[in-house]
file work-v8.cif (mmCIF, N, CA and C atoms)
data_work
#
loop_
_atom_site.group_PDB
_atom_site.id
_atom_site.type_symbol
_atom_site.label_atom_id
_atom_site.label_comp_id
_atom_site.auth_asym_id
_atom_site.auth_seq_id
_atom_site.Cartn_x
_atom_site.Cartn_y
_atom_site.Cartn_z
ATOM 1 N N MET A 1 -10.929 -3.113 -8.284
ATOM 2 C CA MET A 1 -10.253 -3.188 -9.558
ATOM 3 C C MET A 1 -10.264 -4.647 -9.995
ATOM 4 N N SER A 2 -10.506 -4.863 -11.239
ATOM 5 C CA SER A 2 -10.561 -6.216 -11.763
ATOM 6 C C SER A 2 -9.163 -6.687 -12.155
ATOM 7 N N TRP A 3 -9.043 -7.988 -12.279
ATOM 8 C CA TRP A 3 -7.753 -8.585 -12.608
ATOM 9 C C TRP A 3 -7.289 -8.190 -14.002
ATOM 10 N N TYR A 4 -8.227 -7.969 -14.932
ATOM 11 C CA TYR A 4 -7.812 -7.590 -16.280
ATOM 12 C C TYR A 4 -7.243 -6.178 -16.326
ATOM 13 N N ILE A 5 -7.408 -5.421 -15.285
ATOM 14 C CA ILE A 5 -6.772 -4.105 -15.174
ATOM 15 C C ILE A 5 -5.509 -4.202 -14.315
ATOM 16 N N ALA A 6 -5.548 -5.062 -13.292
ATOM 17 C CA ALA A 6 -4.424 -5.165 -12.360
ATOM 18 C C ALA A 6 -3.187 -5.769 -13.014
ATOM 19 N N ILE A 7 -3.355 -6.796 -13.818
ATOM 20 C CA ILE A 7 -2.201 -7.469 -14.419
ATOM 21 C C ILE A 7 -1.442 -6.550 -15.381
ATOM 22 N N PRO A 8 -2.111 -5.841 -16.306
ATOM 23 C CA PRO A 8 -1.345 -4.902 -17.144
ATOM 24 C C PRO A 8 -0.715 -3.767 -16.337
ATOM 25 N N SER A 9 -1.350 -3.365 -15.238
ATOM 26 C CA SER A 9 -0.763 -2.313 -14.396
ATOM 27 C C SER A 9 0.531 -2.783 -13.751
ATOM 28 N N VAL A 10 0.570 -4.035 -13.321
ATOM 29 C CA VAL A 10 1.793 -4.573 -12.727
ATOM 30 C C VAL A 10 2.886 -4.689 -13.783
ATOM 31 N N VAL A 11 2.530 -5.116 -14.983
ATOM 32 C CA VAL A 11 3.517 -5.213 -16.061
ATOM 33 C C VAL A 11 4.059 -3.824 -16.406
ATOM 34 N N LEU A 12 3.176 -2.842 -16.514
ATOM 35 C CA LEU A 12 3.603 -1.476 -16.806
ATOM 36 C C LEU A 12 4.464 -0.923 -15.680
ATOM 37 N N ALA A 13 4.104 -1.227 -14.426
ATOM 38 C CA ALA A 13 4.905 -0.770 -13.296
ATOM 39 C C ALA A 13 6.305 -1.366 -13.350
ATOM 40 N N ALA A 14 6.408 -2.639 -13.732
ATOM 41 C CA ALA A 14 7.727 -3.275 -13.826
ATOM 42 C C ALA A 14 8.566 -2.636 -14.927
ATOM 43 N N LEU A 15 7.939 -2.291 -16.049
ATOM 44 C CA LEU A 15 8.676 -1.645 -17.141
ATOM 45 C C LEU A 15 9.137 -0.239 -16.757
ATOM 46 N N VAL A 16 8.263 0.509 -16.106
ATOM 47 C CA VAL A 16 8.631 1.864 -15.687
ATOM 48 C C VAL A 16 9.711 1.810 -14.612
ATOM 49 N N LEU A 17 9.601 0.840 -13.702
ATOM 50 C CA LEU A 17 10.626 0.687 -12.675
ATOM 51 C C LEU A 17 11.974 0.319 -13.287
ATOM 52 N N ALA A 18 11.967 -0.555 -14.287
ATOM 53 C CA ALA A 18 13.221 -0.921 -14.960
ATOM 54 C C ALA A 18 13.847 0.293 -15.639
ATOM 55 N N GLY A 19 13.033 1.125 -16.264
ATOM 56 C CA GLY A 19 13.556 2.346 -16.877
ATOM 57 C C GLY A 19 14.094 3.316 -15.847
ATOM 58 N N GLY A 20 13.418 3.424 -14.707
ATOM 59 C CA GLY A 20 13.882 4.316 -13.654
ATOM 60 C C GLY A 20 15.193 3.855 -13.040
ATOM 61 N N VAL A 21 15.317 2.556 -12.821
ATOM 62 C CA VAL A 21 16.559 2.025 -12.258
ATOM 63 C C VAL A 21 17.701 2.177 -13.256
ATOM 64 N N ALA A 22 17.424 1.952 -14.540
ATOM 65 C CA ALA A 22 18.465 2.137 -15.561
ATOM 66 C C ALA A 22 18.905 3.594 -15.630
ATOM 67 N N THR A 23 17.968 4.506 -15.477
ATOM 68 C CA THR A 23 18.313 5.919 -15.492
ATOM 69 C C THR A 23 19.131 6.301 -14.262
ATOM 70 N N LEU A 24 18.759 5.771 -13.111
ATOM 71 C CA LEU A 24 19.499 6.094 -11.894
ATOM 72 C C LEU A 24 20.908 5.508 -11.902
ATOM 73 N N ARG A 25 21.066 4.308 -12.414
ATOM 74 C CA ARG A 25 22.378 3.663 -12.369
ATOM 75 C C ARG A 25 23.329 4.172 -13.436
ATOM 76 N N THR A 26 22.814 4.406 -14.650
ATOM 77 C CA THR A 26 23.710 4.738 -15.759
ATOM 78 C C THR A 26 23.485 6.130 -16.335
ATOM 79 N N GLY A 27 22.360 6.766 -16.006
ATOM 80 C CA GLY A 27 22.049 8.052 -16.611
ATOM 81 C C GLY A 27 21.420 7.922 -17.985
ATOM 82 N N TRP A 28 21.077 6.688 -18.377
ATOM 83 C CA TRP A 28 20.504 6.439 -19.689
ATOM 84 C C TRP A 28 19.021 6.802 -19.691
ATOM 85 N N VAL A 29 18.595 7.540 -20.702
ATOM 86 C CA VAL A 29 17.194 7.917 -20.877
ATOM 87 C C VAL A 29 16.753 7.407 -22.241
ATOM 88 N N MET A 30 15.518 6.961 -22.331
ATOM 89 C CA MET A 30 15.012 6.433 -23.608
ATOM 90 C C MET A 30 15.134 7.496 -24.695
ATOM 91 N N PRO A 31 15.394 7.079 -25.939
ATOM 92 C CA PRO A 31 15.643 8.053 -27.013
ATOM 93 C C PRO A 31 14.498 9.045 -27.239
ATOM 94 N N LEU A 32 13.257 8.630 -27.041
ATOM 95 C CA LEU A 32 12.140 9.549 -27.248
ATOM 96 C C LEU A 32 12.069 10.644 -26.183
ATOM 97 N N GLN A 33 12.675 10.400 -25.035
ATOM 98 C CA GLN A 33 12.594 11.346 -23.926
ATOM 99 C C GLN A 33 13.849 12.186 -23.756
ATOM 100 N N ARG A 34 14.874 11.917 -24.512
ATOM 101 C CA ARG A 34 16.143 12.632 -24.325
ATOM 102 C C ARG A 34 16.045 14.124 -24.595
ATOM 103 N N GLY A 35 15.186 14.531 -25.485
ATOM 104 C CA GLY A 35 15.067 15.951 -25.808
ATOM 105 C C GLY A 35 14.441 16.763 -24.695
ATOM 106 N N TRP A 36 13.666 16.124 -23.826
ATOM 107 C CA TRP A 36 12.954 16.853 -22.777
ATOM 108 C C TRP A 36 13.629 16.780 -21.429
ATOM 109 N N VAL A 37 14.429 15.765 -21.195
ATOM 110 C CA VAL A 37 14.992 15.538 -19.862
ATOM 111 C C VAL A 37 16.331 16.258 -19.733
ATOM 112 N N TYR A 38 16.403 17.165 -18.771
ATOM 113 C CA TYR A 38 17.639 17.901 -18.504
ATOM 114 C C TYR A 38 18.367 17.362 -17.276
ATOM 115 N N ARG A 39 17.635 16.713 -16.388
ATOM 116 C CA ARG A 39 18.218 16.140 -15.168
ATOM 117 C C ARG A 39 17.841 14.658 -15.090
ATOM 118 N N PRO A 40 18.690 13.788 -15.629
ATOM 119 C CA PRO A 40 18.337 12.371 -15.683
ATOM 120 C C PRO A 40 18.154 11.710 -14.311
ATOM 121 N N ARG A 41 18.900 12.161 -13.319
ATOM 122 C CA ARG A 41 18.767 11.547 -11.993
ATOM 123 C C ARG A 41 17.379 11.818 -11.399
ATOM 124 N N LEU A 42 16.904 13.039 -11.503
ATOM 125 C CA LEU A 42 15.552 13.351 -11.040
ATOM 126 C C LEU A 42 14.509 12.585 -11.849
ATOM 127 N N PHE A 43 14.765 12.439 -13.129
ATOM 128 C CA PHE A 43 13.851 11.703 -13.992
ATOM 129 C C PHE A 43 13.753 10.243 -13.558
ATOM 130 N N GLY A 44 14.866 9.650 -13.164
ATOM 131 C CA GLY A 44 14.866 8.275 -12.673
ATOM 132 C C GLY A 44 14.058 8.133 -11.394
ATOM 133 N N TRP A 45 14.212 9.089 -10.474
ATOM 134 C CA TRP A 45 13.429 9.038 -9.242
ATOM 135 C C TRP A 45 11.948 9.226 -9.518
ATOM 136 N N ALA A 46 11.608 10.046 -10.504
ATOM 137 C CA ALA A 46 10.200 10.226 -10.874
ATOM 138 C C ALA A 46 9.626 8.930 -11.420
ATOM 139 N N GLN A 47 10.395 8.211 -12.219
ATOM 140 C CA GLN A 47 9.918 6.940 -12.745
ATOM 141 C C GLN A 47 9.733 5.913 -11.635
ATOM 142 N N VAL A 48 10.612 5.910 -10.661
ATOM 143 C CA VAL A 48 10.469 4.988 -9.537
ATOM 144 C C VAL A 48 9.203 5.312 -8.743
ATOM 145 N N ALA A 49 8.931 6.592 -8.515
ATOM 146 C CA ALA A 49 7.724 6.990 -7.788
ATOM 147 C C ALA A 49 6.464 6.621 -8.566
ATOM 148 N N LEU A 50 6.478 6.810 -9.875
ATOM 149 C CA LEU A 50 5.313 6.462 -10.681
ATOM 150 C C LEU A 50 5.115 4.953 -10.753
ATOM 151 N N ALA A 51 6.196 4.186 -10.772
ATOM 152 C CA ALA A 51 6.075 2.729 -10.757
ATOM 153 C C ALA A 51 5.506 2.253 -9.422
ATOM 154 N N THR A 52 5.899 2.909 -8.338
ATOM 155 C CA THR A 52 5.352 2.573 -7.026
ATOM 156 C C THR A 52 3.863 2.866 -6.989
ATOM 157 N N MET A 53 3.455 3.979 -7.581
ATOM 158 C CA MET A 53 2.041 4.310 -7.634
ATOM 159 C C MET A 53 1.261 3.256 -8.409
ATOM 160 N N LEU A 54 1.784 2.827 -9.546
ATOM 161 C CA LEU A 54 1.099 1.810 -10.344
ATOM 162 C C LEU A 54 0.990 0.494 -9.583
ATOM 163 N N ALA A 55 2.042 0.110 -8.890
ATOM 164 C CA ALA A 55 2.012 -1.135 -8.122
ATOM 165 C C ALA A 55 1.019 -1.049 -6.964
ATOM 166 N N LEU A 56 0.958 0.090 -6.301
ATOM 167 C CA LEU A 56 -0.008 0.255 -5.218
ATOM 168 C C LEU A 56 -1.437 0.220 -5.734
ATOM 169 N N GLN A 57 -1.683 0.855 -6.855
ATOM 170 C CA GLN A 57 -3.026 0.843 -7.418
ATOM 171 C C GLN A 57 -3.434 -0.559 -7.859
ATOM 172 N N ALA A 58 -2.482 -1.324 -8.381
ATOM 173 C CA ALA A 58 -2.785 -2.692 -8.789
ATOM 174 C C ALA A 58 -2.986 -3.595 -7.581
ATOM 175 N N SER A 59 -2.330 -3.295 -6.467
ATOM 176 C CA SER A 59 -2.466 -4.139 -5.284
ATOM 177 C C SER A 59 -3.828 -3.986 -4.620
ATOM 178 N N THR A 60 -4.578 -2.962 -4.959
ATOM 179 C CA THR A 60 -5.907 -2.807 -4.369
ATOM 180 C C THR A 60 -6.867 -3.882 -4.860
ATOM 181 N N ALA A 61 -6.525 -4.594 -5.935
ATOM 182 C CA ALA A 61 -7.365 -5.701 -6.390
ATOM 183 C C ALA A 61 -7.356 -6.844 -5.388
ATOM 184 N N LEU A 62 -6.333 -6.917 -4.545
ATOM 185 C CA LEU A 62 -6.223 -7.988 -3.565
ATOM 186 C C LEU A 62 -6.918 -7.658 -2.251
ATOM 187 N N LEU A 63 -7.319 -6.421 -2.051
ATOM 188 C CA LEU A 63 -7.905 -6.004 -0.775
ATOM 189 C C LEU A 63 -9.423 -6.078 -0.825
ATOM 190 N N ASP A 64 -10.016 -6.596 0.245
ATOM 191 C CA ASP A 64 -11.468 -6.670 0.341
ATOM 192 C C ASP A 64 -12.049 -5.549 1.206
ATOM 193 N N ASP A 65 -11.277 -5.086 2.161
ATOM 194 C CA ASP A 65 -11.735 -4.049 3.078
ATOM 195 C C ASP A 65 -11.722 -2.694 2.389
ATOM 196 N N ARG A 66 -12.854 -1.985 2.467
ATOM 197 C CA ARG A 66 -12.945 -0.672 1.804
ATOM 198 C C ARG A 66 -12.012 0.352 2.424
ATOM 199 N N GLY A 67 -11.872 0.317 3.740
ATOM 200 C CA GLY A 67 -11.001 1.278 4.410
ATOM 201 C C GLY A 67 -9.545 1.095 4.014
ATOM 202 N N ALA A 68 -9.115 -0.145 3.971
ATOM 203 C CA ALA A 68 -7.725 -0.425 3.582
ATOM 204 C C ALA A 68 -7.506 -0.067 2.114
ATOM 205 N N ARG A 69 -8.494 -0.358 1.285
ATOM 206 C CA ARG A 69 -8.365 -0.044 -0.134
ATOM 207 C C ARG A 69 -8.253 1.462 -0.357
ATOM 208 N N SER A 70 -9.079 2.240 0.340
ATOM 209 C CA SER A 70 -9.008 3.692 0.157
ATOM 210 C C SER A 70 -7.710 4.265 0.715
ATOM 211 N N THR A 71 -7.186 3.664 1.787
ATOM 212 C CA THR A 71 -5.901 4.117 2.335
ATOM 213 C C THR A 71 -4.775 3.865 1.348
ATOM 214 N N VAL A 72 -4.749 2.663 0.759
ATOM 215 C CA VAL A 72 -3.704 2.331 -0.216
ATOM 216 C C VAL A 72 -3.834 3.213 -1.452
ATOM 217 N N GLN A 73 -5.058 3.474 -1.877
ATOM 218 C CA GLN A 73 -5.252 4.343 -3.037
ATOM 219 C C GLN A 73 -4.832 5.782 -2.733
ATOM 220 N N GLY A 74 -5.046 6.236 -1.505
ATOM 221 C CA GLY A 74 -4.587 7.568 -1.116
ATOM 222 C C GLY A 74 -3.070 7.671 -1.104
ATOM 223 N N ILE A 75 -2.412 6.624 -0.620
ATOM 224 C CA ILE A 75 -0.944 6.606 -0.648
ATOM 225 C C ILE A 75 -0.453 6.590 -2.092
ATOM 226 N N GLY A 76 -1.138 5.817 -2.941
ATOM 227 C CA GLY A 76 -0.783 5.790 -4.362
ATOM 228 C C GLY A 76 -0.969 7.149 -5.018
ATOM 229 N N LEU A 77 -2.011 7.862 -4.628
ATOM 230 C CA LEU A 77 -2.233 9.206 -5.160
ATOM 231 C C LEU A 77 -1.114 10.155 -4.729
ATOM 232 N N GLY A 78 -0.628 9.987 -3.498
ATOM 233 C CA GLY A 78 0.507 10.784 -3.044
ATOM 234 C C GLY A 78 1.757 10.513 -3.869
ATOM 235 N N PHE A 79 2.005 9.229 -4.194
ATOM 236 C CA PHE A 79 3.141 8.891 -5.048
ATOM 237 C C PHE A 79 2.957 9.439 -6.458
ATOM 238 N N LEU A 80 1.703 9.490 -6.928
ATOM 239 C CA LEU A 80 1.442 10.073 -8.248
ATOM 240 C C LEU A 80 1.820 11.548 -8.270
ATOM 241 N N PHE A 81 1.380 12.304 -7.272
ATOM 242 C CA PHE A 81 1.708 13.727 -7.223
ATOM 243 C C PHE A 81 3.206 13.954 -7.040
ATOM 244 N N LEU A 82 3.832 13.131 -6.215
ATOM 245 C CA LEU A 82 5.279 13.233 -6.030
ATOM 246 C C LEU A 82 6.013 12.953 -7.334
ATOM 247 N N GLY A 83 5.627 11.890 -8.020
ATOM 248 C CA GLY A 83 6.275 11.534 -9.279
ATOM 249 C C GLY A 83 6.087 12.587 -10.350
ATOM 250 N N LEU A 84 4.872 13.132 -10.448
ATOM 251 C CA LEU A 84 4.629 14.153 -11.471
ATOM 252 C C LEU A 84 5.371 15.448 -11.179
ATOM 253 N N SER A 85 5.481 15.811 -9.894
ATOM 254 C CA SER A 85 6.211 17.044 -9.581
ATOM 255 C C SER A 85 7.712 16.871 -9.818
ATOM 256 N N VAL A 86 8.260 15.716 -9.471
ATOM 257 C CA VAL A 86 9.683 15.472 -9.724
ATOM 258 C C VAL A 86 9.930 15.358 -11.229
ATOM 259 N N LEU A 87 8.983 14.772 -11.953
ATOM 260 C CA LEU A 87 9.095 14.678 -13.406
ATOM 261 C C LEU A 87 9.120 16.067 -14.041
ATOM 262 N N THR A 88 8.299 16.967 -13.535
ATOM 263 C CA THR A 88 8.292 18.338 -14.034
ATOM 264 C C THR A 88 9.619 19.036 -13.750
ATOM 265 N N LEU A 89 10.161 18.820 -12.554
ATOM 266 C CA LEU A 89 11.452 19.428 -12.218
ATOM 267 C C LEU A 89 12.582 18.869 -13.080
ATOM 268 N N SER A 90 12.493 17.604 -13.463
ATOM 269 C CA SER A 90 13.554 17.013 -14.271
ATOM 270 C C SER A 90 13.530 17.519 -15.706
ATOM 271 N N GLN A 91 12.409 18.066 -16.136
ATOM 272 C CA GLN A 91 12.295 18.542 -17.512
ATOM 273 C C GLN A 91 12.525 20.039 -17.634
ATOM 274 N N ARG A 92 12.771 20.711 -16.540
ATOM 275 C CA ARG A 92 13.081 22.136 -16.608
ATOM 276 C C ARG A 92 14.522 22.351 -17.020
ATOM 277 N N PRO A 93 14.776 23.285 -17.905
ATOM 278 C CA PRO A 93 16.169 23.545 -18.253
ATOM 279 C C PRO A 93 16.923 24.180 -17.085
ATOM 280 N N PRO A 94 18.176 23.811 -16.897
ATOM 281 C CA PRO A 94 18.946 24.404 -15.792
ATOM 282 C C PRO A 94 19.197 25.876 -16.031
ATOM 283 N N ARG A 95 19.354 26.624 -14.962
ATOM 284 C CA ARG A 95 19.573 28.070 -15.086
ATOM 285 C C ARG A 95 21.007 28.370 -15.393
#
call {"tool": "encode", "arguments": {"input": "work-v8.cif", "output": "structure tokens"}}
result
Amino acid sequence: MSWYIAIPSVVLAALVLAGGVATLRTGWVMPLQRGWVYRPRLFGWAQVALATMLALQASTALLDDRGARSTVQGIGLGFLFLGLSVLTLSQRPPR
């Protein structure tokens, strides 16, 4: 991954992490997302998982070893699936 991709990914990860922490601490959700989110706490954890995925993917720019890079990318892919599944659960209406 090139630096021109890694730097915006780190910035985006920091913004998503800030939103996730704000959601976890206060229950606040951005105005555009309030209509879809029924469980703000789960939504906050999903944002934290997605921010972790972005940070891991951006950190592969620092690795030279192919094996280590693929391992980190695999862990990042796991965080992506975890974040998307928790995000889906947070948007389901309660029964």
call {"tool": "resolve_selection", "arguments": {"input": "work-v8.cif", "expression": "the PyMOL selection byres ((chain A and resi 52-62) around 8)", "output": "VMD selection string"}}
result
chain A and resid 1 to 3 5 to 14 16 to 17 46 to 51 63 to 65 68 to 70 72 to 73 75 to 80
call {"tool": "closest_residue", "arguments": {"input": "work-v8.cif", "among": "A:Pro93, A:Leu15, A:Gly20, A:Val86", "to": "A:Trp36", "atoms": "only N, CA and C atoms"}}
result
A:Pro93
call {"tool": "resolve_selection", "arguments": {"input": "work-v8.cif", "expression": "the PyMOL selection byres (((chain A and resi 37-42 and name CA) around 6) and name CA)", "output": "VMD selection string"}}
result
chain A and resid 24 27 34 to 36 43 to 45 90 to 91 93
call {"tool": "atom_distance", "arguments": {"input": "work-v8.cif", "atom1": "atom CA of A:Thr88", "atom2": "atom CA of A:Thr71"}}
result
25.9 Å
call {"tool": "select_by_dssp", "arguments": {"input": "work-v8.cif", "residues": "chain A", "states": "alpha helix (DSSP H)", "output": "PyMOL selection string"}}
result
chain A and resi 3-26+40-59+66-90
call {"tool": "atom_distance", "arguments": {"input": "work-v8.cif", "atom1": "atom N of A:Met30", "atom2": "atom CA of A:Pro94"}}
result
18.9 Å
call {"tool": "decode", "arguments": {"input": "work-v8.cif", "residues": "stretch 38-73 of chain A", "atoms": "N, CA and C atoms", "output": "compact mmCIF listing (two decimals), in the first residue's frame"}}
result
# COMPACT_ATOMS: atom_id res chain seq x y z
N TYR A 38 -30.92 1.54 15.86
CA TYR A 38 -31.84 1.24 16.95
C TYR A 38 -31.10 0.89 18.24
N ARG A 39 -29.87 0.45 18.12
CA ARG A 39 -29.05 0.09 19.28
C ARG A 39 -27.72 0.85 19.21
N PRO A 40 -27.67 2.03 19.82
CA PRO A 40 -26.47 2.86 19.70
C PRO A 40 -25.20 2.22 20.28
N ARG A 41 -25.35 1.44 21.33
CA ARG A 41 -24.16 0.82 21.93
C ARG A 41 -23.51 -0.18 20.96
N LEU A 42 -24.30 -1.00 20.32
CA LEU A 42 -23.77 -1.92 19.31
C LEU A 42 -23.17 -1.15 18.14
N PHE A 43 -23.80 -0.06 17.78
CA PHE A 43 -23.31 0.77 16.69
C PHE A 43 -21.93 1.34 17.02
N GLY A 44 -21.73 1.74 18.27
CA GLY A 44 -20.43 2.25 18.70
C GLY A 44 -19.35 1.18 18.62
N TRP A 45 -19.68 -0.04 19.04
CA TRP A 45 -18.71 -1.13 18.95
C TRP A 45 -18.40 -1.47 17.50
N ALA A 46 -19.38 -1.36 16.62
CA ALA A 46 -19.14 -1.61 15.20
C ALA A 46 -18.20 -0.57 14.63
N GLN A 47 -18.36 0.68 15.03
CA GLN A 47 -17.46 1.73 14.56
C GLN A 47 -16.04 1.51 15.07
N VAL A 48 -15.90 1.06 16.29
CA VAL A 48 -14.57 0.78 16.83
C VAL A 48 -13.91 -0.36 16.06
N ALA A 49 -14.67 -1.41 15.74
CA ALA A 49 -14.12 -2.53 14.97
C ALA A 49 -13.72 -2.09 13.56
N LEU A 50 -14.53 -1.26 12.93
CA LEU A 50 -14.20 -0.79 11.59
C LEU A 50 -13.00 0.15 11.61
N ALA A 51 -12.86 0.96 12.65
CA ALA A 51 -11.69 1.82 12.77
C ALA A 51 -10.43 0.99 12.97
N THR A 52 -10.54 -0.09 13.73
CA THR A 52 -9.40 -0.99 13.92
C THR A 52 -9.01 -1.63 12.60
N MET A 53 -10.00 -2.01 11.80
CA MET A 53 -9.71 -2.58 10.49
C MET A 53 -8.98 -1.58 9.61
N LEU A 54 -9.43 -0.34 9.59
CA LEU A 54 -8.78 0.68 8.77
C LEU A 54 -7.35 0.92 9.23
N ALA A 55 -7.13 0.96 10.52
CA ALA A 55 -5.78 1.17 11.04
C ALA A 55 -4.86 0.00 10.71
N LEU A 56 -5.37 -1.21 10.80
CA LEU A 56 -4.57 -2.38 10.45
C LEU A 56 -4.23 -2.39 8.97
N GLN A 57 -5.18 -2.05 8.13
CA GLN A 57 -4.91 -2.01 6.70
C GLN A 57 -3.90 -0.93 6.34
N ALA A 58 -3.96 0.20 7.04
CA ALA A 58 -2.99 1.26 6.79
C ALA A 58 -1.61 0.90 7.31
N SER A 59 -1.55 0.09 8.36
CA SER A 59 -0.25 -0.28 8.93
C SER A 59 0.51 -1.25 8.03
N THR A 60 -0.14 -1.86 7.07
CA THR A 60 0.57 -2.76 6.17
C THR A 60 1.53 -2.01 5.26
N ALA A 61 1.40 -0.68 5.15
CA ALA A 61 2.36 0.10 4.37
C ALA A 61 3.73 0.09 5.02
N LEU A 62 3.80 -0.18 6.32
CA LEU A 62 5.07 -0.19 7.03
C LEU A 62 5.76 -1.55 7.00
N LEU A 63 5.07 -2.58 6.56
CA LEU A 63 5.63 -3.93 6.59
C LEU A 63 6.27 -4.29 5.26
N ASP A 64 7.44 -4.91 5.32
CA ASP A 64 8.13 -5.34 4.11
C ASP A 64 7.94 -6.84 3.85
N ASP A 65 7.76 -7.60 4.90
CA ASP A 65 7.61 -9.05 4.78
C ASP A 65 6.22 -9.39 4.27
N ARG A 66 6.17 -10.22 3.21
CA ARG A 66 4.87 -10.59 2.63
C ARG A 66 4.02 -11.41 3.58
N GLY A 67 4.66 -12.30 4.33
CA GLY A 67 3.91 -13.14 5.26
C GLY A 67 3.26 -12.32 6.36
N ALA A 68 4.02 -11.39 6.90
CA ALA A 68 3.48 -10.54 7.97
C ALA A 68 2.38 -9.64 7.42
N ARG A 69 2.58 -9.13 6.21
CA ARG A 69 1.58 -8.27 5.61
C ARG A 69 0.27 -9.02 5.38
N SER A 70 0.35 -10.24 4.87
CA SER A 70 -0.88 -11.00 4.64
C SER A 70 -1.56 -11.39 5.94
N THR A 71 -0.77 -11.64 6.99
CA THR A 71 -1.36 -11.96 8.30
C THR A 71 -2.11 -10.76 8.85
N VAL A 72 -1.50 -9.58 8.78
CA VAL A 72 -2.16 -8.36 9.28
C VAL A 72 -3.40 -8.06 8.45
N GLN A 73 -3.32 -8.26 7.15
CA GLN A 73 -4.49 -8.02 6.31
C GLN A 73 -5.61 -9.02 6.60
